[in-house]
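A.B. asks: Input structure: run.cif, which contains mmCIF, C-alpha atoms, pLDDT in the B column; chains and numbers go by the auth columns.
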```
data_final
#
loop_
_atom_site.group_PDB
_atom_site.id
_atom_site.type_symbol
_atom_site.label_atom_id
_atom_site.label_comp_id
_atom_site.label_asym_id
_atom_site.label_seq_id
_atom_site.Cartn_x
_atom_site.Cartn_y
_atom_site.Cartn_z
_atom_site.B_iso_or_equiv
_atom_site.auth_seq_id
_atom_site.auth_asym_id
ATOM 1 C CA MET A 1 36.662 -10.313 10.765 81.00 180 A
ATOM 2 C CA MET A 2 35.560 -8.212 7.789 88.00 181 A
ATOM 3 C CA PHE A 3 33.047 -10.879 6.729 86.00 182 A
ATOM 4 C CA GLU A 4 31.422 -10.876 10.174 89.00 183 A
ATOM 5 C CA ILE A 5 31.043 -7.095 10.149 91.00 184 A
ATOM 6 C CA PHE A 6 29.543 -7.216 6.650 89.00 185 A
ATOM 7 C CA ALA A 7 27.144 -9.993 7.699 91.00 186 A
ATOM 8 C CA VAL A 8 25.977 -8.068 10.780 91.00 187 A
ATOM 9 C CA VAL A 9 25.434 -4.877 8.748 92.00 188 A
ATOM 10 C CA LEU A 10 23.556 -6.832 6.072 93.00 189 A
ATOM 11 C CA LEU A 11 21.321 -8.522 8.656 94.00 190 A
ATOM 12 C CA ALA A 12 20.641 -5.197 10.378 93.00 191 A
ATOM 13 C CA GLY A 13 19.686 -3.654 7.030 91.00 192 A
ATOM 14 C CA MET A 14 17.362 -6.533 6.227 94.00 193 A
ATOM 15 C CA ALA A 15 15.726 -6.268 9.660 93.00 194 A
ATOM 16 C CA TRP A 16 15.219 -2.518 9.179 91.00 195 A
ATOM 17 C CA LEU A 17 13.657 -3.086 5.726 88.00 196 A
ATOM 18 C CA TRP A 18 11.358 -5.780 7.132 92.00 197 A
ATOM 19 C CA LEU A 19 10.143 -3.576 10.008 93.00 198 A
ATOM 20 C CA PHE A 20 9.691 -0.586 7.701 90.00 199 A
ATOM 21 C CA SER A 21 7.699 -2.796 5.299 90.00 200 A
ATOM 22 C CA LEU A 22 5.421 -3.989 8.114 94.00 201 A
ATOM 23 C CA ARG A 23 4.668 -0.383 9.076 95.00 202 A
ATOM 24 C CA ALA A 24 3.984 0.534 5.440 95.00 203 A
ATOM 25 C CA ARG A 25 1.618 -2.425 5.067 96.00 204 A
ATOM 26 C CA GLU A 26 -0.303 -1.395 8.187 97.00 205 A
ATOM 27 C CA THR A 27 -0.571 2.143 6.795 97.00 206 A
ATOM 28 C CA ALA A 28 -1.959 0.727 3.528 97.00 207 A
ATOM 29 C CA VAL A 29 -4.500 -1.470 5.357 97.00 208 A
ATOM 30 C CA GLU A 30 -5.703 1.494 7.411 97.00 209 A
ATOM 31 C CA ALA A 31 -5.984 3.727 4.312 97.00 210 A
ATOM 32 C CA ALA A 32 -7.972 1.042 2.455 96.00 211 A
ATOM 33 C CA ARG A 33 -10.224 0.521 5.482 96.00 212 A
ATOM 34 C CA ARG A 34 -10.963 4.260 5.806 95.00 213 A
ATOM 35 C CA ALA A 35 -11.647 4.607 2.066 94.00 214 A
ATOM 36 C CA CYS A 36 -14.049 1.664 2.111 94.00 215 A
ATOM 37 C CA ILE A 37 -15.908 3.102 5.096 94.00 216 A
ATOM 38 C CA ALA A 38 -16.118 6.509 3.397 92.00 217 A
ATOM 39 C CA GLU A 39 -17.464 4.929 0.191 91.00 218 A
ATOM 40 C CA GLY A 40 -19.916 2.663 2.008 91.00 219 A
ATOM 41 C CA VAL A 41 -18.336 -0.557 0.731 94.00 220 A
ATOM 42 C CA GLN A 42 -16.851 -3.563 2.531 94.00 221 A
ATOM 43 C CA LEU A 43 -13.099 -4.245 2.598 96.00 222 A
ATOM 44 C CA LEU A 44 -12.755 -7.958 1.913 95.00 223 A
ATOM 45 C CA ASP A 45 -10.315 -10.143 3.859 92.00 224 A
ATOM 46 C CA ASP A 46 -9.199 -7.030 5.790 90.00 225 A
ATOM 47 C CA THR A 47 -5.823 -7.146 4.045 93.00 226 A
ATOM 48 C CA VAL A 48 -3.677 -5.737 1.247 97.00 227 A
ATOM 49 C CA ALA A 49 -1.126 -7.454 -1.015 96.00 228 A
ATOM 50 C CA LEU A 50 2.118 -5.915 -2.235 96.00 229 A
ATOM 51 C CA ALA A 51 1.964 -5.527 -6.024 97.00 230 A
ATOM 52 C CA SER A 52 4.966 -3.279 -6.705 96.00 231 A
ATOM 53 C CA PHE A 53 8.075 -2.206 -4.808 93.00 232 A
ATOM 54 C CA ARG A 54 10.715 0.146 -6.240 96.00 233 A
ATOM 55 C CA PRO A 55 12.779 3.230 -5.421 95.00 234 A
ATOM 56 C CA GLN A 56 11.462 6.609 -6.589 95.00 235 A
ATOM 57 C CA ARG A 57 12.377 10.240 -6.050 92.00 236 A
ATOM 58 C CA ALA A 58 10.026 12.173 -3.795 86.00 237 A
ATOM 59 C CA SER A 59 9.012 15.747 -4.628 85.00 238 A
ATOM 60 C CA SER A 60 11.738 16.948 -2.251 87.00 239 A
ATOM 61 C CA GLY A 61 14.328 15.131 -4.357 88.00 240 A
ATOM 62 C CA THR A 62 15.117 12.441 -1.799 91.00 241 A
ATOM 63 C CA LEU A 63 15.064 8.780 -2.712 94.00 242 A
ATOM 64 C CA ALA A 64 12.142 6.856 -1.172 93.00 243 A
ATOM 65 C CA LEU A 65 10.527 3.455 -1.594 93.00 244 A
ATOM 66 C CA ARG A 66 7.333 3.426 -3.660 96.00 245 A
ATOM 67 C CA ARG A 67 4.977 0.601 -2.780 97.00 246 A
ATOM 68 C CA VAL A 68 1.702 -0.269 -4.486 98.00 247 A
ATOM 69 C CA TYR A 69 -0.680 -2.492 -2.549 98.00 248 A
ATOM 70 C CA ARG A 70 -3.800 -4.102 -4.020 98.00 249 A
ATOM 71 C CA PHE A 71 -6.943 -4.987 -2.099 97.00 250 A
ATOM 72 C CA GLU A 72 -10.464 -6.179 -2.799 97.00 251 A
ATOM 73 C CA PHE A 73 -13.782 -4.733 -1.714 96.00 252 A
ATOM 74 C CA SER A 74 -17.458 -5.419 -2.331 95.00 253 A
ATOM 75 C CA ASP A 75 -20.300 -2.995 -2.870 90.00 254 A
ATOM 76 C CA THR A 76 -23.095 -5.593 -2.809 88.00 255 A
ATOM 77 C CA GLY A 77 -21.625 -8.449 -0.797 84.00 256 A
ATOM 78 C CA ASN A 78 -21.833 -10.735 -3.851 89.00 257 A
ATOM 79 C CA ASN A 79 -18.879 -9.477 -5.865 92.00 258 A
ATOM 80 C CA ARG A 80 -15.180 -8.657 -5.615 94.00 259 A
ATOM 81 C CA LEU A 81 -13.814 -5.394 -6.949 94.00 260 A
ATOM 82 C CA GLY A 82 -10.247 -4.147 -6.832 95.00 261 A
ATOM 83 C CA GLY A 83 -8.526 -1.158 -5.369 95.00 262 A
ATOM 84 C CA SER A 84 -4.982 0.035 -4.862 97.00 263 A
ATOM 85 C CA VAL A 85 -3.039 2.109 -2.348 97.00 264 A
ATOM 86 C CA THR A 86 0.239 3.773 -3.368 97.00 265 A
ATOM 87 C CA LEU A 87 2.733 4.744 -0.672 97.00 266 A
ATOM 88 C CA LEU A 88 5.849 6.833 -1.203 96.00 267 A
ATOM 89 C CA GLY A 89 7.994 6.270 1.847 91.00 268 A
ATOM 90 C CA PRO A 90 5.639 6.152 4.839 91.00 269 A
ATOM 91 C CA ALA A 91 2.957 8.414 3.315 93.00 270 A
ATOM 92 C CA VAL A 92 -0.110 7.477 1.260 96.00 271 A
ATOM 93 C CA GLN A 93 0.277 9.061 -2.175 95.00 272 A
ATOM 94 C CA ALA A 94 -2.845 7.765 -3.963 95.00 273 A
ATOM 95 C CA LEU A 95 -5.793 5.427 -3.448 96.00 274 A
ATOM 96 C CA TYR A 96 -8.008 4.117 -6.262 94.00 275 A
ATOM 97 C CA LEU A 97 -11.202 2.049 -6.258 93.00 276 A
ATOM 98 C CA GLU A 98 -12.667 0.219 -9.259 91.00 277 A
ATOM 99 C CA PRO A 99 -16.011 1.560 -10.492 89.00 278 A
ATOM 100 C CA HIS A 100 -18.869 0.396 -8.289 83.00 279 A
ATOM 101 C CA ARG A 101 -22.600 1.016 -7.930 76.00 280 A
ATOM 102 C CA GLY A 102 -23.002 2.089 -11.534 70.00 281 A
ATOM 103 C CA GLU A 103 -20.002 4.428 -11.764 69.00 282 A
ATOM 104 C CA ALA A 104 -18.611 4.766 -15.272 62.00 283 A
ATOM 105 C CA ALA A 105 -14.870 4.823 -14.559 62.00 284 A
ATOM 106 C CA SER A 106 -12.282 4.259 -11.885 64.00 285 A
ATOM 107 C CA ARG A 107 -11.544 7.358 -9.885 64.00 286 A
ATOM 108 C CA PRO A 108 -9.041 8.315 -7.266 68.00 287 A
ATOM 109 C CA VAL A 109 -10.378 8.387 -3.727 70.00 288 A
ATOM 110 C CA LEU A 110 -7.247 10.099 -2.473 65.00 289 A
ATOM 111 C CA ARG A 111 -4.706 11.880 -4.630 56.00 290 A
#
```
Please re-express this file's structure in structure tokens.

C.D. replies:
Amino acid sequence: MMFEIFAVVLLAGMAWLWLFSLRARETAVEAARRACIAEGVQLLDDTVALASFRPQRASSGTLALRRVYRFEFSDTGNNRLGGSVTLLGPAVQALYLEPHRGEAASRPVLR
């Protein structure tokens, strides 16, 4: 009986994590899309890829999941440049784009 309860709780926790991760990914895609539109560049493949996933303390002191997603964009249509979106819990914490159109260094788009 105890094993069945543990299994159900474990499955429910995994389902919650999966749904929460899908929402976070959609938030990252939307943030990358808006940043690319604002910068006048094209988001390639219209997707992001999870690069990092770990717990971190938020400024309020609560424990939250920190996710870093990577994506690619193009400023000319002939190249691929990288960017990243960092989420802490459900909120976008930072968004960076690689230098493009003659910029000297990478800079945060959102911080």

A.B. asks: Can you pull out every residue within 8 Å of A:Asp225, counting all atoms listed in the file, but drop anything in the same chain fewer than 2 positions away, and send it as a list of chain:residue names?

C.D. replies: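 In the requested format, the answer is A:Val208, A:Arg212, A:Leu222, A:Leu223, A:Val227.
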
A.B. asks: Could you tell me which residues the PyMOL selection byres ((chain A and resi 288) around 12) returns for this structure, as an NGL selection string?

C.D. replies: :A and (210-211 or 213-218 or 262-265 or 271-278 or 285-287 or 289-290)

A.B. asks: Okay, now the selection with C-alpha atoms, as a PDB file, in the coordinates of the input?

C.D. replies:
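Saved as result_38.pdb:
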```pdb
ATOM      1  CA  ALA A 210      -5.984   3.727   4.312  1.00 97.00           C
ATOM      2  CA  ALA A 211      -7.972   1.042   2.455  1.00 96.00           C
ATOM      3  CA  ARG A 213     -10.963   4.260   5.806  1.00 95.00           C
ATOM      4  CA  ALA A 214     -11.647   4.607   2.066  1.00 94.00           C
ATOM      5  CA  CYS A 215     -14.049   1.664   2.111  1.00 94.00           C
ATOM      6  CA  ILE A 216     -15.908   3.102   5.096  1.00 94.00           C
ATOM      7  CA  ALA A 217     -16.118   6.509   3.397  1.00 92.00           C
ATOM      8  CA  GLU A 218     -17.464   4.929   0.191  1.00 91.00           C
ATOM      9  CA  GLY A 262      -8.526  -1.158  -5.369  1.00 95.00           C
ATOM     10  CA  SER A 263      -4.982   0.035  -4.862  1.00 97.00           C
ATOM     11  CA  VAL A 264      -3.039   2.109  -2.348  1.00 97.00           C
ATOM     12  CA  THR A 265       0.239   3.773  -3.368  1.00 97.00           C
ATOM     13  CA  VAL A 271      -0.110   7.477   1.260  1.00 96.00           C
ATOM     14  CA  GLN A 272       0.277   9.061  -2.175  1.00 95.00           C
ATOM     15  CA  ALA A 273      -2.845   7.765  -3.963  1.00 95.00           C
ATOM     16  CA  LEU A 274      -5.793   5.427  -3.448  1.00 96.00           C
ATOM     17  CA  TYR A 275      -8.008   4.117  -6.262  1.00 94.00           C
ATOM     18  CA  LEU A 276     -11.202   2.049  -6.258  1.00 93.00           C
ATOM     19  CA  GLU A 277     -12.667   0.219  -9.259  1.00 91.00           C
ATOM     20  CA  PRO A 278     -16.011   1.560 -10.492  1.00 89.00           C
ATOM     21  CA  SER A 285     -12.282   4.259 -11.885  1.00 64.00           C
ATOM     22  CA  ARG A 286     -11.544   7.358  -9.885  1.00 64.00           C
ATOM     23  CA  PRO A 287      -9.041   8.315  -7.266  1.00 68.00           C
ATOM     24  CA  LEU A 289      -7.247  10.099  -2.473  1.00 65.00           C
ATOM     25  CA  ARG A 290      -4.706  11.880  -4.630  1.00 56.00           C
TER      26      ARG A 290
END
```

A.B. asks: Quote the spacing between atom CA of A:Ala243 and atom CA of A:Thr226 in Å to one decimal place.

C.D. replies: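 Between atom CA of A:Ala243 and atom CA of A:Thr226 the gap works out to 23.4 Å.
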
A.B. asks: Got a sec to resolve the PyMOL selection byres ((chain A and resi 267) around 9) on this structure and send the residues as a VMD selection string?

C.D. replies: chain A and resid 234 to 237 243 to 247 265 to 266 268 to 272

A.B. asks: As an exercise, work out the distance from atom CA of A:Ala203 to atom CA of A:Leu242 in Å and give it to one decimal place.

C.D. replies: 16.0 Å

A.B. asks: Which residues would end up in the selection if the PyMOL selection byres ((chain A and resi 253) around 7) were applied here, given that I need the answer as a ChimeraX atom specification?

C.D. replies: /A:220-223,252,254-256,258-260

A.B. asks: How far is it from atom CA of A:Ser231 to atom CA of A:Phe185, in Å with one decimal?

C.D. replies: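 So the answer is 28.2 Å.
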